[in-house]
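For reference, protein04.cif (mmCIF, C-alpha atoms):
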```cif
data_input
loop_
_atom_site.label_atom_id
_atom_site.label_comp_id
_atom_site.auth_asym_id
_atom_site.auth_seq_id
_atom_site.Cartn_x
_atom_site.Cartn_y
_atom_site.Cartn_z
CA MET A 263 174.94 68.29 138.72
CA THR A 264 171.92 67.10 140.68
CA GLY A 265 173.04 69.27 143.55
CA ALA A 266 173.27 72.33 141.35
CA PHE A 267 169.87 71.57 139.90
CA ALA A 268 168.35 71.21 143.35
CA ARG A 269 169.97 74.45 144.44
CA THR A 270 168.52 76.24 141.44
CA LEU A 271 165.09 74.84 142.22
CA VAL A 272 165.34 75.90 145.83
CA ALA A 273 166.59 79.33 144.89
CA THR A 274 163.84 79.84 142.32
CA GLY A 275 161.20 78.57 144.71
CA TRP A 276 162.40 80.93 147.36
CA LEU A 277 162.39 83.84 144.99
CA LEU A 278 158.83 83.23 143.97
CA ALA A 279 157.37 82.18 147.27
CA ALA A 280 158.98 84.38 149.90
CA PRO A 281 157.37 87.74 150.48
CA LEU A 282 159.90 90.51 150.19
CA LEU A 283 161.21 91.14 153.62
CA LEU A 284 161.56 94.86 153.37
CA ALA A 285 162.11 96.58 156.65
CA ALA A 286 158.66 97.80 157.55
CA ASP A 287 156.28 98.06 160.42
CA PRO A 288 154.55 94.68 160.59
CA PRO A 289 150.80 94.86 159.92
CA PRO A 290 148.43 94.88 162.88
CA SER A 291 148.28 91.43 164.47
CA GLY A 292 144.51 91.56 164.94
CA PRO A 293 141.79 94.14 165.33
CA MET A 294 143.50 97.42 166.14
CA SER A 295 143.14 99.09 169.52
CA PRO A 296 142.10 102.77 169.41
CA GLY A 297 145.71 103.64 170.26
CA GLU A 298 147.16 101.61 167.42
CA TYR A 299 144.64 103.19 165.08
CA ILE A 300 145.86 106.68 165.94
CA TYR A 301 149.44 105.43 165.78
CA ARG A 302 148.87 104.22 162.22
CA ALA A 303 147.11 107.43 161.21
CA SER A 304 149.86 109.55 162.75
CA GLY A 305 152.78 107.90 161.01
CA CYS A 306 154.92 107.65 164.16
CA TYR A 307 156.87 104.70 162.82
CA GLY A 308 158.11 106.41 159.66
CA CYS A 309 160.06 109.20 161.33
CA HIS A 310 160.97 107.45 164.56
CA THR A 311 162.54 104.45 162.82
CA ASP A 312 165.84 104.49 161.00
CA GLU A 313 164.70 102.02 158.35
CA LYS A 314 167.49 102.81 155.94
CA GLY A 315 170.12 102.32 158.64
CA GLY A 316 168.51 99.06 159.75
CA GLY A 317 167.27 100.54 163.05
CA LYS A 318 164.73 98.91 165.34
CA PRO A 319 161.12 100.13 165.27
CA LEU A 320 160.55 103.45 167.06
CA ALA A 321 164.13 103.55 168.42
CA GLY A 322 164.80 106.82 166.57
CA GLY A 323 167.95 107.92 164.79
CA HIS A 324 166.17 108.67 161.51
CA ALA A 325 167.88 111.69 159.91
CA LEU A 326 165.60 114.50 158.71
CA LYS A 327 167.59 116.87 156.54
CA THR A 328 166.14 120.38 156.50
CA ASP A 329 167.24 123.96 155.82
CA PHE A 330 168.00 124.24 159.53
CA GLY A 331 170.35 121.30 159.64
CA THR A 332 169.83 117.60 160.28
CA PHE A 333 167.45 116.45 162.96
CA TYR A 334 167.77 112.95 164.38
CA THR A 335 164.46 111.65 165.64
CA PRO A 336 164.44 110.36 169.23
CA ASN A 337 163.80 106.93 170.68
CA ILE A 338 160.11 106.64 171.63
CA THR A 339 160.18 103.02 172.79
CA PRO A 340 159.44 102.33 176.48
CA ASP A 341 163.13 101.92 177.36
CA PRO A 342 163.52 103.78 180.70
CA ASP A 343 167.02 105.14 180.01
CA THR A 344 167.12 105.98 176.33
CA GLY A 345 163.42 106.00 175.41
CA ILE A 346 160.29 107.38 177.04
CA GLY A 347 159.85 104.62 179.63
CA LYS A 348 160.01 107.06 182.55
CA TRP A 349 157.43 109.40 181.11
CA THR A 350 154.00 109.80 182.61
CA GLU A 351 150.86 110.10 180.53
CA GLN A 352 150.91 113.81 181.32
CA ASP A 353 154.46 114.15 180.00
CA PHE A 354 153.32 112.53 176.78
CA ILE A 355 150.25 114.73 176.42
CA ARG A 356 152.33 117.86 177.06
CA ALA A 357 154.85 116.81 174.40
CA MET A 358 152.14 116.25 171.82
CA ARG A 359 149.89 119.17 172.74
CA GLU A 360 152.44 121.83 173.71
CA GLY A 361 155.68 120.70 172.10
CA ARG A 362 157.50 120.58 175.42
CA SER A 363 159.70 117.91 176.95
CA PRO A 364 159.07 116.58 180.47
CA ALA A 365 161.82 118.98 181.62
CA GLY A 366 159.91 121.86 180.02
CA ASP A 367 162.19 122.44 177.02
CA HIS A 368 160.75 123.35 173.65
CA TYR A 369 160.84 120.72 170.95
CA TYR A 370 161.91 121.71 167.48
CA PRO A 371 158.92 121.66 165.16
CA SER A 372 160.57 118.93 163.10
CA PHE A 373 158.42 117.01 165.58
CA PRO A 374 155.03 117.89 164.08
CA TYR A 375 153.32 118.94 167.31
CA PRO A 376 151.68 121.91 165.55
CA SER A 377 149.51 119.16 164.02
CA TYR A 378 149.47 116.64 166.87
CA THR A 379 148.22 119.35 169.20
CA LYS A 380 144.87 118.93 167.42
CA LEU A 381 144.42 115.35 168.66
CA THR A 382 141.75 114.88 171.31
CA ASP A 383 142.67 113.97 174.87
CA ASP A 384 141.07 110.56 174.36
CA ASP A 385 143.17 109.85 171.28
CA LEU A 386 146.37 111.07 172.96
CA ARG A 387 145.72 108.84 175.96
CA ALA A 388 144.98 105.86 173.70
CA LEU A 389 148.15 106.50 171.72
CA TRP A 390 150.17 106.66 174.93
CA GLN A 391 148.72 103.33 176.06
CA PHE A 392 149.68 101.79 172.74
CA LEU A 393 153.24 103.16 172.71
CA LYS A 394 153.78 101.64 176.16
CA THR A 395 153.16 98.19 174.65
CA ARG A 396 155.92 98.53 172.02
CA PRO A 397 159.14 96.59 172.56
CA ALA A 398 161.69 98.65 174.48
CA VAL A 399 164.94 99.27 172.64
CA LYS A 400 168.06 100.59 174.32
CA GLN A 401 169.46 103.13 171.91
CA ALA A 402 170.79 106.52 172.93
CA ASN A 403 169.47 109.52 171.04
CA LYS A 404 171.77 111.13 168.53
CA PRO A 405 172.17 114.89 168.98
CA HIS A 406 170.77 117.07 166.18
CA ASP A 407 173.32 118.53 163.80
CA LEU A 408 171.96 122.05 163.30
CA LYS A 409 173.17 125.20 161.65
CA PHE A 410 174.37 127.87 164.08
CA PHE A 411 171.24 130.02 163.94
CA ALA A 412 168.98 127.13 164.84
CA ARG A 413 170.99 125.82 167.77
CA ALA A 414 169.49 127.90 170.56
CA ARG A 415 166.26 126.49 171.91
CA THR A 416 165.09 130.04 172.67
CA PHE A 417 164.81 130.39 168.90
CA VAL A 418 162.15 127.70 169.13
CA GLY A 419 160.29 129.69 171.78
CA SER A 420 160.03 132.67 169.44
CA TRP A 421 159.08 130.38 166.60
CA LYS A 422 156.25 128.92 168.64
CA ALA A 423 154.98 132.38 169.56
CA LEU A 424 154.75 133.15 165.85
CA TYR A 425 153.48 129.93 164.34
CA PHE A 426 152.11 127.57 166.96
CA LYS A 427 148.53 127.46 168.23
CA PRO A 428 148.09 124.74 170.84
CA GLY A 429 144.75 123.03 171.36
CA ALA A 430 142.62 120.10 170.27
CA TYR A 431 140.70 120.27 167.01
CA GLN A 432 137.44 122.21 167.26
CA PRO A 433 134.80 120.84 164.90
CA ASP A 434 133.24 123.32 162.50
CA PRO A 435 129.48 123.19 163.21
CA GLY A 436 128.74 124.49 159.71
CA ARG A 437 130.23 121.37 158.15
CA SER A 438 129.23 117.72 158.05
CA ALA A 439 130.46 115.14 160.53
CA VAL A 440 132.30 113.42 157.68
CA TRP A 441 134.10 116.64 156.74
CA ASN A 442 135.05 117.30 160.36
CA ARG A 443 136.37 113.79 160.76
CA GLY A 444 138.44 114.25 157.61
CA ALA A 445 139.77 117.60 158.79
CA TYR A 446 140.67 116.11 162.17
CA LEU A 447 142.59 113.25 160.58
CA ALA A 448 144.30 115.29 157.84
CA GLU A 449 145.21 118.31 159.96
CA GLY A 450 145.90 116.47 163.20
CA ALA A 451 146.96 112.85 163.16
CA ALA A 452 148.13 112.48 159.56
CA HIS A 453 149.78 115.95 159.69
CA CYS A 454 149.61 116.29 155.88
CA GLY A 455 150.38 120.00 155.99
CA GLU A 456 153.75 119.51 157.68
CA CYS A 457 155.18 118.39 154.35
CA HIS A 458 152.56 119.49 151.83
CA THR A 459 152.40 123.15 152.87
CA PRO A 460 155.43 125.26 151.94
CA ARG A 461 157.34 127.05 154.67
CA SER A 462 158.76 130.53 155.00
CA ALA A 463 162.47 131.20 155.53
CA LEU A 464 161.77 130.96 159.25
CA GLY A 465 160.28 127.51 158.86
CA GLY A 466 156.73 128.65 159.48
CA ILE A 467 153.84 127.20 157.54
CA LYS A 468 152.64 129.59 154.81
CA SER A 469 148.96 129.46 155.66
CA ASP A 470 147.77 130.98 152.38
CA MET A 471 149.52 128.11 150.59
CA HIS A 472 147.76 125.42 152.58
CA PHE A 473 148.56 121.97 151.09
CA ALA A 474 149.95 123.62 147.93
CA GLY A 475 153.15 121.55 147.87
CA SER A 476 156.78 122.36 148.47
CA LYS A 477 159.98 122.33 146.50
CA ASP A 478 162.04 121.69 149.58
CA GLY A 479 160.47 118.87 151.49
CA PRO A 480 162.41 116.54 153.79
CA ASP A 481 165.67 115.28 152.29
CA GLY A 482 165.37 117.64 149.35
CA SER A 483 162.26 115.93 148.04
CA VAL A 484 159.58 117.69 146.02
CA ILE A 485 156.23 117.45 147.76
CA PRO A 486 153.23 117.69 145.46
CA ASN A 487 150.45 120.23 145.53
CA ILE A 488 147.41 118.39 146.88
CA THR A 489 144.88 121.22 146.65
CA PRO A 490 142.05 120.85 144.12
CA ASP A 491 143.80 123.07 141.55
CA ARG A 492 143.21 121.33 138.23
CA ASN A 493 146.58 122.07 136.67
CA THR A 494 149.12 122.12 139.47
CA GLY A 495 147.22 120.17 142.13
CA ILE A 496 145.00 117.12 142.15
CA GLY A 497 141.77 118.76 141.01
CA LYS A 498 141.36 116.16 138.29
CA TRP A 499 141.25 113.34 140.81
CA SER A 500 137.83 112.04 141.80
CA LYS A 501 137.02 111.23 145.39
CA GLY A 502 137.38 107.57 144.50
CA ASP A 503 140.84 108.26 143.04
CA LEU A 504 141.90 109.85 146.31
CA VAL A 505 140.59 106.95 148.36
CA THR A 506 142.36 104.41 146.14
CA TYR A 507 145.56 106.39 146.47
CA LEU A 508 145.39 106.67 150.27
CA GLU A 509 144.54 103.01 150.57
CA MET A 510 146.93 101.51 148.00
CA GLY A 511 149.36 104.17 146.85
CA LEU A 512 148.15 103.80 143.27
CA MET A 513 147.59 106.98 141.28
CA PRO A 514 144.81 107.37 138.71
CA ASP A 515 147.36 107.05 135.89
CA GLY A 516 148.52 103.72 137.31
CA ASP A 517 151.82 104.99 138.69
CA SER A 518 152.70 104.32 142.31
CA ALA A 519 153.41 106.60 145.23
CA GLY A 520 157.00 107.72 145.73
CA ASP A 521 159.23 106.79 148.63
CA LEU A 522 158.09 109.13 151.43
CA MET A 523 154.40 108.80 150.67
CA ALA A 524 154.75 105.08 149.99
CA GLU A 525 156.03 104.75 153.55
CA VAL A 526 153.16 106.83 154.96
CA ILE A 527 150.64 104.63 153.13
CA ASP A 528 152.29 101.25 153.64
CA ASN A 529 152.83 101.57 157.37
CA GLY A 530 149.81 103.70 158.19
CA LEU A 531 147.03 104.94 155.98
CA ARG A 532 146.25 101.59 154.38
CA TYR A 533 145.07 100.32 157.76
CA LEU A 534 142.50 103.08 158.26
CA LYS A 535 138.81 102.37 157.84
CA LYS A 536 137.41 103.07 154.42
CA GLU A 537 135.02 105.66 155.87
CA ASP A 538 137.96 107.55 157.35
CA LEU A 539 139.76 107.59 154.01
CA VAL A 540 136.57 108.84 152.40
CA ALA A 541 136.39 111.53 155.10
CA ILE A 542 139.95 112.65 154.38
CA ALA A 543 139.15 112.76 150.65
CA ASP A 544 135.99 114.75 151.38
CA TYR A 545 137.98 117.29 153.37
CA MET A 546 140.79 117.52 150.80
CA GLN A 547 138.35 118.21 148.00
CA SER A 548 136.80 121.07 149.97
CA LEU A 549 140.09 122.96 150.28
CA PRO A 550 140.70 126.13 148.29
CA ALA A 551 142.52 125.38 145.04
CA VAL A 552 145.95 127.01 145.05
CA GLU A 553 147.85 127.33 141.80
CA HIS A 554 151.40 126.38 142.66
CA ALA A 555 153.62 124.29 140.41
CA VAL A 556 156.33 122.47 142.32
CA HIS A 557 157.58 120.04 139.73
CA LYS A 558 160.24 121.06 137.26
CA PRO A 559 158.72 121.64 133.85
CA LYS A 560 159.26 118.65 131.60
CA LYS A 561 162.33 119.06 129.43
CA LYS A 562 161.39 119.73 125.85
CA GLN A 563 162.55 117.08 123.47
CA ARG A 564 165.25 118.54 121.28
CA SER A 565 164.64 117.96 117.63
CA GLU A 566 167.49 117.47 115.21
CA PHE A 567 166.95 121.00 113.90
CA ASP A 568 167.83 122.64 117.22
CA MET B 220 185.82 93.74 91.32
CA LYS B 221 186.24 90.97 93.79
CA MET B 222 187.81 93.47 96.18
CA GLN B 223 184.84 95.80 95.85
CA HIS B 224 182.52 92.95 96.51
CA SER B 225 184.14 91.94 99.76
CA LEU B 226 184.28 95.56 100.93
CA PHE B 227 180.56 95.79 100.32
CA ALA B 228 180.00 92.58 102.25
CA LEU B 229 182.08 93.91 105.11
CA ALA B 230 180.08 97.12 105.19
CA VAL B 231 176.81 95.21 105.27
CA ALA B 232 178.11 92.92 108.00
CA THR B 233 179.18 95.91 110.08
CA LEU B 234 175.82 97.58 109.69
CA VAL B 235 173.92 94.46 110.66
CA ALA B 236 176.19 93.76 113.62
CA GLY B 237 175.89 97.36 114.69
CA ALA B 238 172.12 97.25 114.59
CA ALA B 239 172.03 94.02 116.55
CA VAL B 240 174.52 94.88 119.29
CA ALA B 241 174.83 98.52 120.08
CA ALA B 242 171.41 99.73 121.15
CA GLU B 243 171.94 103.25 122.42
CA PRO B 244 171.41 103.58 126.20
CA GLU B 245 169.05 106.46 125.48
CA ASP B 246 166.90 104.26 123.30
CA ILE B 247 166.84 101.57 125.96
CA ILE B 248 165.77 104.14 128.53
CA LYS B 249 162.98 105.40 126.27
CA TYR B 250 161.88 101.85 125.56
CA ARG B 251 161.89 101.00 129.27
CA LYS B 252 159.84 104.08 130.08
CA ASN B 253 157.29 103.20 127.44
CA VAL B 254 156.95 99.67 128.81
CA MET B 255 156.53 101.10 132.31
CA LYS B 256 153.94 103.62 131.10
CA ALA B 257 152.05 100.92 129.27
CA THR B 258 152.03 98.83 132.45
CA ALA B 259 150.86 101.83 134.48
CA GLY B 260 148.05 102.42 131.99
CA HIS B 261 146.76 98.90 132.52
CA MET B 262 147.21 99.21 136.28
CA GLY B 263 145.14 102.40 136.32
CA ALA B 264 142.45 100.83 134.16
CA THR B 265 142.41 97.72 136.35
CA ALA B 266 142.07 99.82 139.50
CA ALA B 267 139.07 101.62 138.05
CA ILE B 268 137.37 98.27 137.38
CA VAL B 269 138.40 96.58 140.63
CA THR B 270 137.26 99.49 142.81
CA GLY B 271 133.97 99.67 140.96
CA LYS B 272 134.48 103.12 139.45
CA VAL B 273 133.70 101.79 136.00
CA ASP B 274 131.87 98.72 134.80
CA TYR B 275 134.21 97.13 132.27
CA LYS B 276 134.49 93.77 134.02
CA GLY B 277 134.68 92.03 130.68
CA ASP B 278 138.01 93.77 130.02
CA LEU B 279 139.61 92.82 133.31
CA ALA B 280 141.26 89.65 132.00
CA ASP B 281 142.75 91.57 129.07
CA HIS B 282 144.37 94.12 131.37
CA ALA B 283 145.64 91.38 133.68
CA LYS B 284 147.22 89.52 130.76
CA ALA B 285 148.76 92.71 129.40
CA ILE B 286 150.34 93.45 132.79
CA GLN B 287 151.59 89.87 132.95
CA ALA B 288 153.18 90.17 129.51
CA LEU B 289 154.73 93.56 130.20
CA THR B 290 156.29 92.48 133.50
CA LYS B 291 157.58 89.07 132.46
CA ASP B 292 161.20 90.21 132.63
CA THR B 293 161.49 93.67 134.14
CA ALA B 294 165.16 93.19 135.06
CA ALA B 295 166.02 92.82 131.37
CA LEU B 296 164.88 96.42 130.83
CA PHE B 297 167.79 97.57 133.00
CA PRO B 298 170.98 96.41 131.28
CA LYS B 299 174.33 97.77 132.45
CA ASP B 300 175.12 101.17 130.95
CA SER B 301 171.46 102.18 130.89
CA ASP B 302 172.00 104.08 134.13
CA PHE B 303 172.97 107.40 132.62
CA GLY B 304 170.66 109.90 130.97
CA ASP B 305 167.03 110.79 131.36
CA THR B 306 166.23 108.03 133.81
CA GLU B 307 164.78 107.87 137.30
CA ALA B 308 166.44 104.54 138.00
CA LEU B 309 168.68 104.76 141.07
CA ASP B 310 172.23 103.42 141.10
CA ALA B 311 170.95 100.78 143.50
CA VAL B 312 169.41 98.97 140.52
CA TRP B 313 172.91 97.94 139.49
CA LYS B 314 174.70 98.14 142.84
CA LYS B 315 172.19 95.92 144.59
CA ASN B 316 171.31 94.02 141.47
CA ALA B 317 170.47 90.74 143.19
CA GLU B 318 167.92 92.49 145.36
CA PHE B 319 166.55 94.37 142.39
CA LYS B 320 166.09 91.11 140.51
CA LYS B 321 164.22 89.66 143.47
CA HIS B 322 161.78 92.56 143.26
CA ALA B 323 161.38 92.06 139.52
CA GLN B 324 160.70 88.35 140.09
CA GLN B 325 158.16 89.23 142.72
CA VAL B 326 156.32 91.52 140.30
CA LYS B 327 156.21 88.74 137.73
CA ALA B 328 154.95 86.26 140.33
CA LYS B 329 152.19 88.63 141.44
CA ALA B 330 151.21 89.44 137.87
CA ASP B 331 150.99 85.71 137.06
CA ALA B 332 148.91 85.16 140.19
CA PHE B 333 146.61 88.04 139.31
CA VAL B 334 145.78 86.55 135.91
CA LYS B 335 144.76 83.32 137.68
CA VAL B 336 142.71 85.08 140.31
CA VAL B 337 140.84 87.16 137.72
CA ALA B 338 139.70 83.90 136.12
CA THR B 339 137.96 82.87 139.38
CA ASN B 340 135.56 85.85 139.21
CA ASP B 341 135.80 86.10 143.00
CA LYS B 342 135.55 89.81 143.81
CA ALA B 343 137.36 89.72 147.16
CA LYS B 344 140.16 87.54 145.82
CA ILE B 345 140.57 89.81 142.80
CA ALA B 346 140.77 92.92 144.99
CA ASN B 347 143.34 91.24 147.18
CA GLY B 348 145.38 89.94 144.26
CA PHE B 349 145.43 93.40 142.76
CA LYS B 350 146.59 94.93 146.04
CA GLU B 351 149.44 92.45 146.20
CA LEU B 352 150.42 93.14 142.62
CA ASN B 353 150.34 96.87 143.24
CA ASP B 354 152.42 96.44 146.40
CA SER B 355 155.08 94.60 144.43
CA CYS B 356 155.33 97.50 141.95
CA LYS B 357 155.35 100.06 144.73
CA SER B 358 158.00 98.39 146.86
CA CYS B 359 160.37 98.21 143.90
CA HIS B 360 159.74 101.87 143.02
CA LYS B 361 160.28 102.80 146.65
CA GLU B 362 163.72 101.20 146.70
CA PHE B 363 164.96 101.72 143.20
CA ARG B 364 163.35 104.78 141.69
CA LYS B 365 164.24 108.39 142.30
CA GLU B 366 161.56 110.51 143.85
CA GLN B 367 159.98 112.26 140.85
CA LYS B 368 160.88 115.92 140.62
#
```
If you took the structure in this file and wrote it as C-alpha cells, what would it be?
Amino acid sequence: MTGAFARTLVATGWLLAAPLLLAADPPPSGPMSPGEYIYRASGCYGCHTDEKGGGKPLAGGHALKTDFGTFYTPNITPDPDTGIGKWTEQDFIRAMREGRSPAGDHYYPSFPYPSYTKLTDDDLRALWQFLKTRPAVKQANKPHDLKFFARARTFVGSWKALYFKPGAYQPDPGRSAVWNRGAYLAEGAAHCGECHTPRSALGGIKSDMHFAGSKDGPDGSVIPNITPDRNTGIGKWSKGDLVTYLEMGLMPDGDSAGDLMAEVIDNGLRYLKKEDLVAIADYMQSLPAVEHAVHKPKKKQRSEFD
Amino acid sequence: MKMQHSLFALAVATLVAGAAVAAEPEDIIKYRKNVMKATAGHMGATAAIVTGKVDYKGDLADHAKAIQALTKDTAALFPKDSDFGDTEALDAVWKKNAEFKKHAQQVKAKADAFVKVVATNDKAKIANGFKELNDSCKSCHKEFRKEQK
C-alpha cells in the first residue's frame, strides 16, 4: 500500500517535472558560433536526421517522399567512412554552391543547393567548420528508391541546366540592408521556397508562383501560401505576427505550427536573432501577392434538410 | 394501469441512461474542437499582450486562467471511439496513449505555471513561461495531430 502510494507519487512527480524528451536537436550550449548560426538557419538537422526512426543527429537516413520516388538523406557527420570526414572545405563548398559531390557527380535537388548556392563564402566556410565539430556517427547511406525516369544522374544534369543558377546572393542596391538580409536568409539559408513554391512536373520551381504554397509538399503534406495575398496567403498577418510565428511557431489565431514547420522552428529559426527574424518578415511582406489556394475548401455542414 | 406505469418508467429510465452514457463520437469531436479553439483564442490573445502588440496587460491573468481551465484534462477529450470522423487526431493518440497523456500532463503543468508567473508581473519570466506553455501545445500537436490540409 505504502509502496504503491510512493510509486504513484514518484510517477506523478516525474510526469510533471521532467521535460518531454522528444528527439530533437539540443539547444545551443552557449553563444553560437557563426557556423552554428548558419546551421540553425539552414535547417540541416531536420532533413539529415531520421528523428522518426530514432536516428542519430546528422547521420542521415531520413526518407523524403516525392513524386520522383523516395530520397534518403546522407550522413553528414565527420565519420571518415560513411559521413563527410574525408571531405575538404572545397568539397563542401562545391556541394553547397554547385550541387556536385567530391567525385563530380550531380546531386539530386532534393538537397536544396539551388538555395544554398546563395550562401556567402564566409558563411559556407563557417558552416563547414561547425559541421566538423559534430559527433561522428558510423552509418552507411541508404540508396535512394527512385522511379525509373529519375534514376539516371544525367537527368539531373539537364535539370540543373534548366532550373539551377549557381552563385552567392547578390544584394539589391535599391533595397534596404534589412530587406537584403531577409532575402539572403529566406532565399538562401532557410530555403523557404524549396517547399513553399510549387514545382512543375519536372520538379522545377515555378518562379511566377514564388512562395505561393504547394499541394504536394514532402510526404504528401500541404504547404501553405506565404505570399501577402489576403485570402489565400498570409496578407492579414502583421510583421509582428510573422516574427512571433518564426520565433515560437504560434499563429495569430493561437494555433500552433504543424509538424514540418514545427521542426524547422524548434531546431532552427527560434535561435535566430530577433533582428534577423524581423528582416525575414520584412522581405516576406515585400513579395508579390499570389492568389493560390492550397487547402481543401472546408466541408459544408450538412443540414438535416439535405 | 400498473403495467402502463412501469412501461413509462422504463422508457424514462432508458432515455436518461441513453443521454448519460452514449455521447455520439461526432459530438465529442465537435466539443473537443471547440475547447481547442477556445484555448487557441486565449493563446493568440495572450501572445498579442506578451509580445507588446496590444496593451491589455490587465486582461493577461484572465487569459492565463482560461487556458489553465481549458487544459486541465486534455486527455479526457480523447476517449476511445472518438478517433473516427471529422478529426485531425492521429491514431497515435490511442496507440501511444501513455505518451499522449504525458504530453497532456505537461500542457497542464505549463498552464498552471503560467498562471503563477503572470502574477509576478515580471516581463521576462512571463515571456519565458508563455514560450514554454506554447512549446508544450506545439510538441503535442507535432506528434499527435495530422498536418492540416
Closest of B:Leu296, B:Ile268, B:Ala330, B:Leu309 to Lys249 (chain B), counting only C-alpha atoms, is B:Leu296
Set the cut-off to 6 Å and count all atoms listed in the file: what are the residues of chain A that reach chain B? Output as a VMD selection string.
chain A and resid 484 514 to 518 520 to 521 557
Write out as an MDAnalysis selection string which residues come within 9 Å of Asp329 (chain A) when counting all atoms listed in the file, dropping same-chain ones fewer than 3 positions away.
chainID A and resid 332 409 463 465 478
For Thr335 (chain A): contacts at 8 Å, only C-alpha atoms, fewer than 6 positions along chain excluded, given as a ChimeraX atom specification
/A:309-311,322-326,403-404
What is the distance between CA of Ser500 (chain A) and CA of Glu537 (chain A), in Å to one decimal?
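Straight-line distance from CA of Ser500 (chain A) to CA of Glu537 (chain A) works out to 15.7 Å.
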Shell of 9 Å around Ser548 (chain A), all atoms listed in the file, local chain residues under 4 positions omitted, as number ranges by chain:
A: 441, 489-490, 543-544
With all heavy atoms as the goal, would you fill in the gaps in region 340-346 of chain B and present it as a PDB file, in the frame of the given file?
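Final file, result12.pdb:
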```pdb
ATOM      1  N   ASN B 340     136.721  84.957 139.067  1.00  0.00           N
ATOM      2  CA  ASN B 340     135.560  85.850 139.210  1.00  0.00           C
ATOM      3  C   ASN B 340     135.198  86.172 140.653  1.00  0.00           C
ATOM      4  O   ASN B 340     134.112  86.687 140.913  1.00  0.00           O
ATOM      5  CB  ASN B 340     134.327  85.274 138.512  1.00  0.00           C
ATOM      6  CG  ASN B 340     134.325  85.646 137.048  1.00  0.00           C
ATOM      7  OD1 ASN B 340     134.728  86.755 136.695  1.00  0.00           O
ATOM      8  ND2 ASN B 340     133.894  84.726 136.202  1.00  0.00           N
ATOM      9  N   ASP B 341     136.081  85.842 141.577  1.00  0.00           N
ATOM     10  CA  ASP B 341     135.800  86.100 143.000  1.00  0.00           C
ATOM     11  C   ASP B 341     136.246  87.515 143.335  1.00  0.00           C
ATOM     12  O   ASP B 341     137.436  87.839 143.340  1.00  0.00           O
ATOM     13  CB  ASP B 341     136.558  85.062 143.838  1.00  0.00           C
ATOM     14  CG  ASP B 341     136.319  85.237 145.326  1.00  0.00           C
ATOM     15  OD1 ASP B 341     136.264  86.397 145.800  1.00  0.00           O
ATOM     16  OD2 ASP B 341     136.203  84.210 146.017  1.00  0.00           O
ATOM     17  N   LYS B 342     135.284  88.386 143.643  1.00  0.00           N
ATOM     18  CA  LYS B 342     135.550  89.810 143.810  1.00  0.00           C
ATOM     19  C   LYS B 342     136.600  90.102 144.889  1.00  0.00           C
ATOM     20  O   LYS B 342     137.533  90.881 144.674  1.00  0.00           O
ATOM     21  CB  LYS B 342     134.234  90.508 144.185  1.00  0.00           C
ATOM     22  CG  LYS B 342     134.064  91.840 143.485  1.00  0.00           C
ATOM     23  CD  LYS B 342     132.711  92.444 143.851  1.00  0.00           C
ATOM     24  CE  LYS B 342     132.831  93.969 143.813  1.00  0.00           C
ATOM     25  NZ  LYS B 342     131.630  94.628 144.306  1.00  0.00           N
ATOM     26  N   ALA B 343     136.441  89.449 146.049  1.00  0.00           N
ATOM     27  CA  ALA B 343     137.360  89.720 147.160  1.00  0.00           C
ATOM     28  C   ALA B 343     138.769  89.258 146.817  1.00  0.00           C
ATOM     29  O   ALA B 343     139.755  89.943 147.090  1.00  0.00           O
ATOM     30  CB  ALA B 343     136.858  89.025 148.429  1.00  0.00           C
ATOM     31  N   LYS B 344     138.840  88.075 146.178  1.00  0.00           N
ATOM     32  CA  LYS B 344     140.160  87.540 145.820  1.00  0.00           C
ATOM     33  C   LYS B 344     140.826  88.436 144.766  1.00  0.00           C
ATOM     34  O   LYS B 344     142.039  88.641 144.789  1.00  0.00           O
ATOM     35  CB  LYS B 344     140.020  86.125 145.252  1.00  0.00           C
ATOM     36  CG  LYS B 344     139.980  85.051 146.319  1.00  0.00           C
ATOM     37  CD  LYS B 344     140.069  83.690 145.664  1.00  0.00           C
ATOM     38  CE  LYS B 344     139.660  82.582 146.639  1.00  0.00           C
ATOM     39  NZ  LYS B 344     139.307  81.354 145.929  1.00  0.00           N
ATOM     40  N   ILE B 345     140.019  88.944 143.849  1.00  0.00           N
ATOM     41  CA  ILE B 345     140.570  89.810 142.800  1.00  0.00           C
ATOM     42  C   ILE B 345     141.107  91.098 143.424  1.00  0.00           C
ATOM     43  O   ILE B 345     142.228  91.528 143.125  1.00  0.00           O
ATOM     44  CB  ILE B 345     139.487  90.130 141.736  1.00  0.00           C
ATOM     45  CG1 ILE B 345     139.176  88.856 140.936  1.00  0.00           C
ATOM     46  CG2 ILE B 345     139.942  91.250 140.805  1.00  0.00           C
ATOM     47  CD1 ILE B 345     138.005  88.990 139.982  1.00  0.00           C
ATOM     48  N   ALA B 346     140.329  91.673 144.335  1.00  0.00           N
ATOM     49  CA  ALA B 346     140.770  92.920 144.990  1.00  0.00           C
ATOM     50  C   ALA B 346     142.078  92.682 145.722  1.00  0.00           C
ATOM     51  O   ALA B 346     143.006  93.490 145.664  1.00  0.00           O
ATOM     52  CB  ALA B 346     139.692  93.424 145.941  1.00  0.00           C
TER      53      ALA B 346
END
```
